[in-house]
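Participant: One structure is given below, represented as structure tokens, and several questions about it will come after.
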Amino acid sequence: MKPPVFDYQRADSIAHACDLLAAFGDDAKILAGGQTLIPMMNFRLARPQVLVDISNITDRNQVTEESDGIRVRATSIQRFVEQCPAIQRRLPVLHKAIQHIAHFQIRNKGTIGGSISNADPASELPAMSLLLDAEFTINSKTEERVIPAEEFFITYMTTSLALDEILSSILFKEPPKNSGWGFHEVARRSGDFALAGSSAVVTLDENGKCTRARIALLGVAATPVRATEAEEMLIGEKYSEELLKTAAQRVQDVVDPESDVHVTKEYRRSVVEVLTVRALEDGFRRAGVAR
Ligand SMILES: Cc1cc2nc3c(=O)[nH]c(=O)nc-3n(C[C@H](O)[C@H](O)[C@H](O)COP(=O)(O)OP(=O)(O)OC[C@H]3O[C@@H](n4cnc5c(N)ncnc54)[C@H](O)[C@@H]3O)c2cc1C
């Protein structure tokens, strides 16, 4: 399959890309790694008149350590971030999640910002941005705004980005000390999109009581979702199998899965609860609970 005819513009910088988006208006679309956009054009599901290519901007791969987390330039390829020692040390759950994205050949082209902007609810990175309280920096020709990840995802493959805006960087926050993490997903084959997934970060005090919890789910609603009621059930509690099972049941409050050719919505509902128990088990264990 070949894409429909389009005009091609290569941006040297994010500012240049913003100028091009402002000039071409609704006809233009950002081309990052092309791992989703080009297949969509081939299938005639997208027909942009102009592609603004940001894959050649100067210093496209950039990871910067900040006091409260790690800032990733949106144009960074997924494989670069996966292999970054600072990510492995300070945000191991992000490192783990990226390894579940497709195959390394695709991660060598696909970008962090492309995956998040594409907002597929079954993708790993949108869920990671909720789990790690990420802040998104968004630029247009005229302004820069910073928003929390929760304000970004509207519905299936739809975000709060305006047509002339670019996601330029993502600040993933580092969880507090004494935190542990877990990430689990099910897919039909290694490298396939997840059928459902769950991730957790739990923080414990010196007595083993949970002081903070984050649970983010993928593939079970029109957007990635945080299970805040399940999180609240953990606060002030010590590890027990019963606690984890009861908390995981509360993810049912926020999931709204669909059936597709692969599995039924009932399967997704059921498996995400099991995956949440496993993610929490790992979280408590890594935070120091000995069992
Ligand atoms: C076989 C296959 C398997 C895959 N499996 C998985 C998987 O398991 N998990 C997963 O998460 N993904 C998977 N993907 C998708 C892959 O991760 C893509 O790389 C990613 O979704 C899109 O990133 P990209 O850089 O290629 O974006 P592109 O395809 O270039 O762009 C995607 C969309 O985002 C917009 N966009 C891109 N960058 C920006 C930006 N900085 N600001 C604003 N808008 C922007 C584009 O205009 C376009 O609408 C798979 C892809 C393939 C081909």
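Chain labels A, B, ... are given in the sequence in which chains occur in the structure tokens; within each chain residues are numbered consecutively from 1, and ligands are likewise numbered from 1 in the order shown.
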Do you know which residues are at most 8 Å from Cys84 of chain A counting only C-alpha atoms, after dropping those on the same chain fewer than 4 positions away, and could you put them as a list of chain:residue names?
Facilitator: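 Non-adjacent residues within range: A:Val63, A:Phe80, A:Gln88.
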Participant: Would you give me, as a tab-separated table, each residue of chain A having an atom within 7 Å of an atom of ligand 1, along with its shortest atom pair and that distance in Å to one decimal, using only C-alpha atoms and all ligand atoms and sorting by chain and residue number?
Facilitator:
```
residue	atom	partner	partner_atom_place_in_ligand_line	distance
A:Lys29	CA	ligand 1	47 (O)	4.6
A:Ile30	CA	ligand 1	47 (O)	3.8
A:Leu31	CA	ligand 1	30 (O)	4.1
A:Ala32	CA	ligand 1	30 (O)	3.5
A:Gly33	CA	ligand 1	26 (O)	3.4
A:Gly34	CA	ligand 1	30 (O)	3.3
A:Gln35	CA	ligand 1	26 (O)	3.5
A:Thr36	CA	ligand 1	29 (O)	3.5
A:Leu37	CA	ligand 1	29 (O)	3.7
A:Ile38	CA	ligand 1	29 (O)	6.2
A:Ala74	CA	ligand 1	41 (N)	5.2
A:Thr75	CA	ligand 1	41 (N)	6.0
A:His100	CA	ligand 1	8 (O)	6.0
A:Ile101	CA	ligand 1	9 (N)	3.9
A:Ala102	CA	ligand 1	5 (N)	3.6
A:His103	CA	ligand 1	3 (C)	7.0
A:Ile106	CA	ligand 1	19 (O)	6.3
A:Arg107	CA	ligand 1	19 (O)	6.3
A:Lys109	CA	ligand 1	26 (O)	6.2
A:Gly110	CA	ligand 1	19 (O)	3.2
A:Thr111	CA	ligand 1	25 (O)	3.6
A:Ile112	CA	ligand 1	25 (O)	6.5
A:Gly113	CA	ligand 1	41 (N)	4.5
A:Gly114	CA	ligand 1	37 (C)	3.4
A:Ser115	CA	ligand 1	21 (O)	3.8
A:Ser117	CA	ligand 1	34 (O)	4.7
A:Asn118	CA	ligand 1	34 (O)	4.3
A:Ala122	CA	ligand 1	11 (O)	6.7
A:Ser123	CA	ligand 1	11 (O)	3.4
A:Glu124	CA	ligand 1	11 (O)	4.8
A:Leu125	CA	ligand 1	11 (O)	6.2
A:Glu165	CA	ligand 1	43 (C)	6.5
A:Ile166	CA	ligand 1	42 (N)	3.7
A:Leu167	CA	ligand 1	42 (N)	3.8
A:Ser168	CA	ligand 1	41 (N)	5.5
A:Gly191	CA	ligand 1	8 (O)	5.4
A:Asp192	CA	ligand 1	8 (O)	4.8
A:Phe193	CA	ligand 1	8 (O)	3.6
A:Ala194	CA	ligand 1	8 (O)	6.1
```
Participant: Which residues, written as a list of chain:residue names, have at least one atom at most 10 Å from Ala230 of chain A, with only C-alpha atoms counted and residues fewer than 4 positions away on the same chain left out?
Facilitator: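 Final neighbour list, sorted by chain and number: A:Ala213, A:Arg214, A:Ile215, A:Arg226, A:Leu234, A:Ile235, A:Leu244, A:Thr246, A:Ala247, A:Ala248, A:Gln249, A:Arg250, A:Val251, A:Gln252, A:Asp253, A:Val254, A:Thr276.
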Participant: Output the selection as a JSON list (two decimals), in the first residue's frame - C-alpha atoms for each residue.
Facilitator:
```
[["chain", "number", "residue", "atom", "x", "y", "z"],
["A", 213, "ALA", "CA", 0.02, 4.61, 45.68],
["A", 214, "ARG", "CA", -0.40, 4.96, 41.95],
["A", 215, "ILE", "CA", -2.17, 2.47, 39.71],
["A", 226, "ARG", "CA", -5.71, 5.82, 36.93],
["A", 234, "LEU", "CA", -4.02, 1.05, 50.14],
["A", 235, "ILE", "CA", -3.14, 4.23, 52.05],
["A", 244, "LEU", "CA", -4.34, -6.38, 47.32],
["A", 246, "THR", "CA", -9.83, -6.02, 47.52],
["A", 247, "ALA", "CA", -8.02, -2.99, 46.12],
["A", 248, "ALA", "CA", -7.67, -4.63, 42.70],
["A", 249, "GLN", "CA", -11.44, -5.24, 42.60],
["A", 250, "ARG", "CA", -11.90, -1.46, 42.69],
["A", 251, "VAL", "CA", -10.29, -1.07, 39.26],
["A", 252, "GLN", "CA", -13.70, -2.19, 37.97],
["A", 253, "ASP", "CA", -14.95, 1.31, 38.89],
["A", 254, "VAL", "CA", -12.83, 2.92, 36.17],
["A", 276, "THR", "CA", -3.29, -5.31, 39.13]]
```
Participant: Excluding Pro224 of chain A and any residue of its chain fewer than 3 positions from it, enumerate the residues within 6 Å of it, using only C-alpha atoms, and give them as a PyMOL selection string.
Facilitator: chain A and resi 121+127+217-218
Participant: Which of these, A:Val81, A:Ala22, A:Ala119, A:Ile98, has the shortest distance to Thr159 of chain A once you count only C-alpha atoms?
Facilitator: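 Comparing A:Val81, A:Ala22, A:Ala119, A:Ile98 against Thr159 of chain A, the winner is A:Ala119.
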Participant: Tell me, which residues of segment 187-239 of chain A carry DSSP helix (DSSP H, G or I), written as a list in words?
Facilitator: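 The residues of segment 187-239 of chain A classed as helix (DSSP H, G or I) are Thr228, Glu229, Ala230, Glu231, Glu232, Met233 and Leu234 of chain A.
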Participant: Can those selected residues be exported to a file as a short mmCIF file (atom, residue, chain, number, x, y, z; two decimals), in the first residue's frame so that it contains all heavy atoms?
Facilitator:
```cif
data_model
loop_
_atom_site.label_atom_id
_atom_site.label_comp_id
_atom_site.auth_asym_id
_atom_site.auth_seq_id
_atom_site.Cartn_x
_atom_site.Cartn_y
_atom_site.Cartn_z
N THR A 228 -7.94 5.56 41.00
CA THR A 228 -7.68 6.32 42.23
C THR A 228 -8.37 5.71 43.46
O THR A 228 -7.84 5.77 44.56
CB THR A 228 -8.12 7.79 42.06
OG1 THR A 228 -9.39 7.81 41.44
CG2 THR A 228 -7.16 8.57 41.21
N GLU A 229 -9.55 5.11 43.27
CA GLU A 229 -10.22 4.53 44.45
C GLU A 229 -9.45 3.32 44.96
O GLU A 229 -9.35 3.10 46.17
CB GLU A 229 -11.66 4.17 44.10
CG GLU A 229 -12.47 5.42 43.81
CD GLU A 229 -13.96 5.20 43.94
OE1 GLU A 229 -14.37 4.09 44.31
OE2 GLU A 229 -14.70 6.16 43.65
N ALA A 230 -8.91 2.56 44.04
CA ALA A 230 -8.08 1.41 44.44
C ALA A 230 -6.84 1.92 45.17
O ALA A 230 -6.43 1.35 46.20
CB ALA A 230 -7.69 0.59 43.22
N GLU A 231 -6.25 3.01 44.66
CA GLU A 231 -5.06 3.58 45.32
C GLU A 231 -5.38 3.98 46.75
O GLU A 231 -4.62 3.69 47.68
CB GLU A 231 -4.61 4.84 44.56
CG GLU A 231 -4.08 4.58 43.16
CD GLU A 231 -3.88 5.85 42.34
OE1 GLU A 231 -4.10 6.97 42.85
OE2 GLU A 231 -3.53 5.72 41.17
N GLU A 232 -6.54 4.66 46.93
CA GLU A 232 -6.89 5.17 48.26
C GLU A 232 -7.07 4.04 49.27
O GLU A 232 -6.79 4.21 50.46
CB GLU A 232 -8.16 6.02 48.17
CG GLU A 232 -7.86 7.43 47.67
CD GLU A 232 -9.10 8.14 47.14
OE1 GLU A 232 -10.22 7.69 47.46
OE2 GLU A 232 -8.92 9.11 46.39
N MET A 233 -7.54 2.88 48.79
CA MET A 233 -7.74 1.76 49.72
C MET A 233 -6.43 1.27 50.34
O MET A 233 -6.43 0.63 51.39
CB MET A 233 -8.38 0.59 48.98
CG MET A 233 -9.81 0.85 48.61
SD MET A 233 -10.59 -0.67 48.15
CE MET A 233 -10.58 -1.56 49.67
N LEU A 234 -5.32 1.55 49.66
CA LEU A 234 -4.02 1.05 50.14
C LEU A 234 -3.39 1.97 51.19
O LEU A 234 -2.56 1.53 51.99
CB LEU A 234 -3.05 0.92 48.96
CG LEU A 234 -3.49 -0.03 47.84
CD1 LEU A 234 -2.59 0.13 46.62
CD2 LEU A 234 -3.44 -1.48 48.32
#
```
Participant: Separation of atom CA of Cys210 of chain A and atom CA of Ala279 of chain A, in Å?
Facilitator: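 So the answer is 14.8 Å.
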Participant: Identify which of the residues A:Phe172, A:Tyr267, A:Phe6, A:Phe284 lies closest to Lys238 of chain A, counting only C-alpha atoms when measuring atom-to-atom distances.
Facilitator: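 Using only C-alpha atoms, the shortest distance to Lys238 of chain A belongs to A:Phe284.
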Participant: Could you check which of A:Cys18, A:Ile170, A:Val225, A:Val201 is closest to Arg73 of chain A, using only C-alpha atoms?
Facilitator: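 Result for the nearest residue to Arg73 of chain A: A:Ile170.
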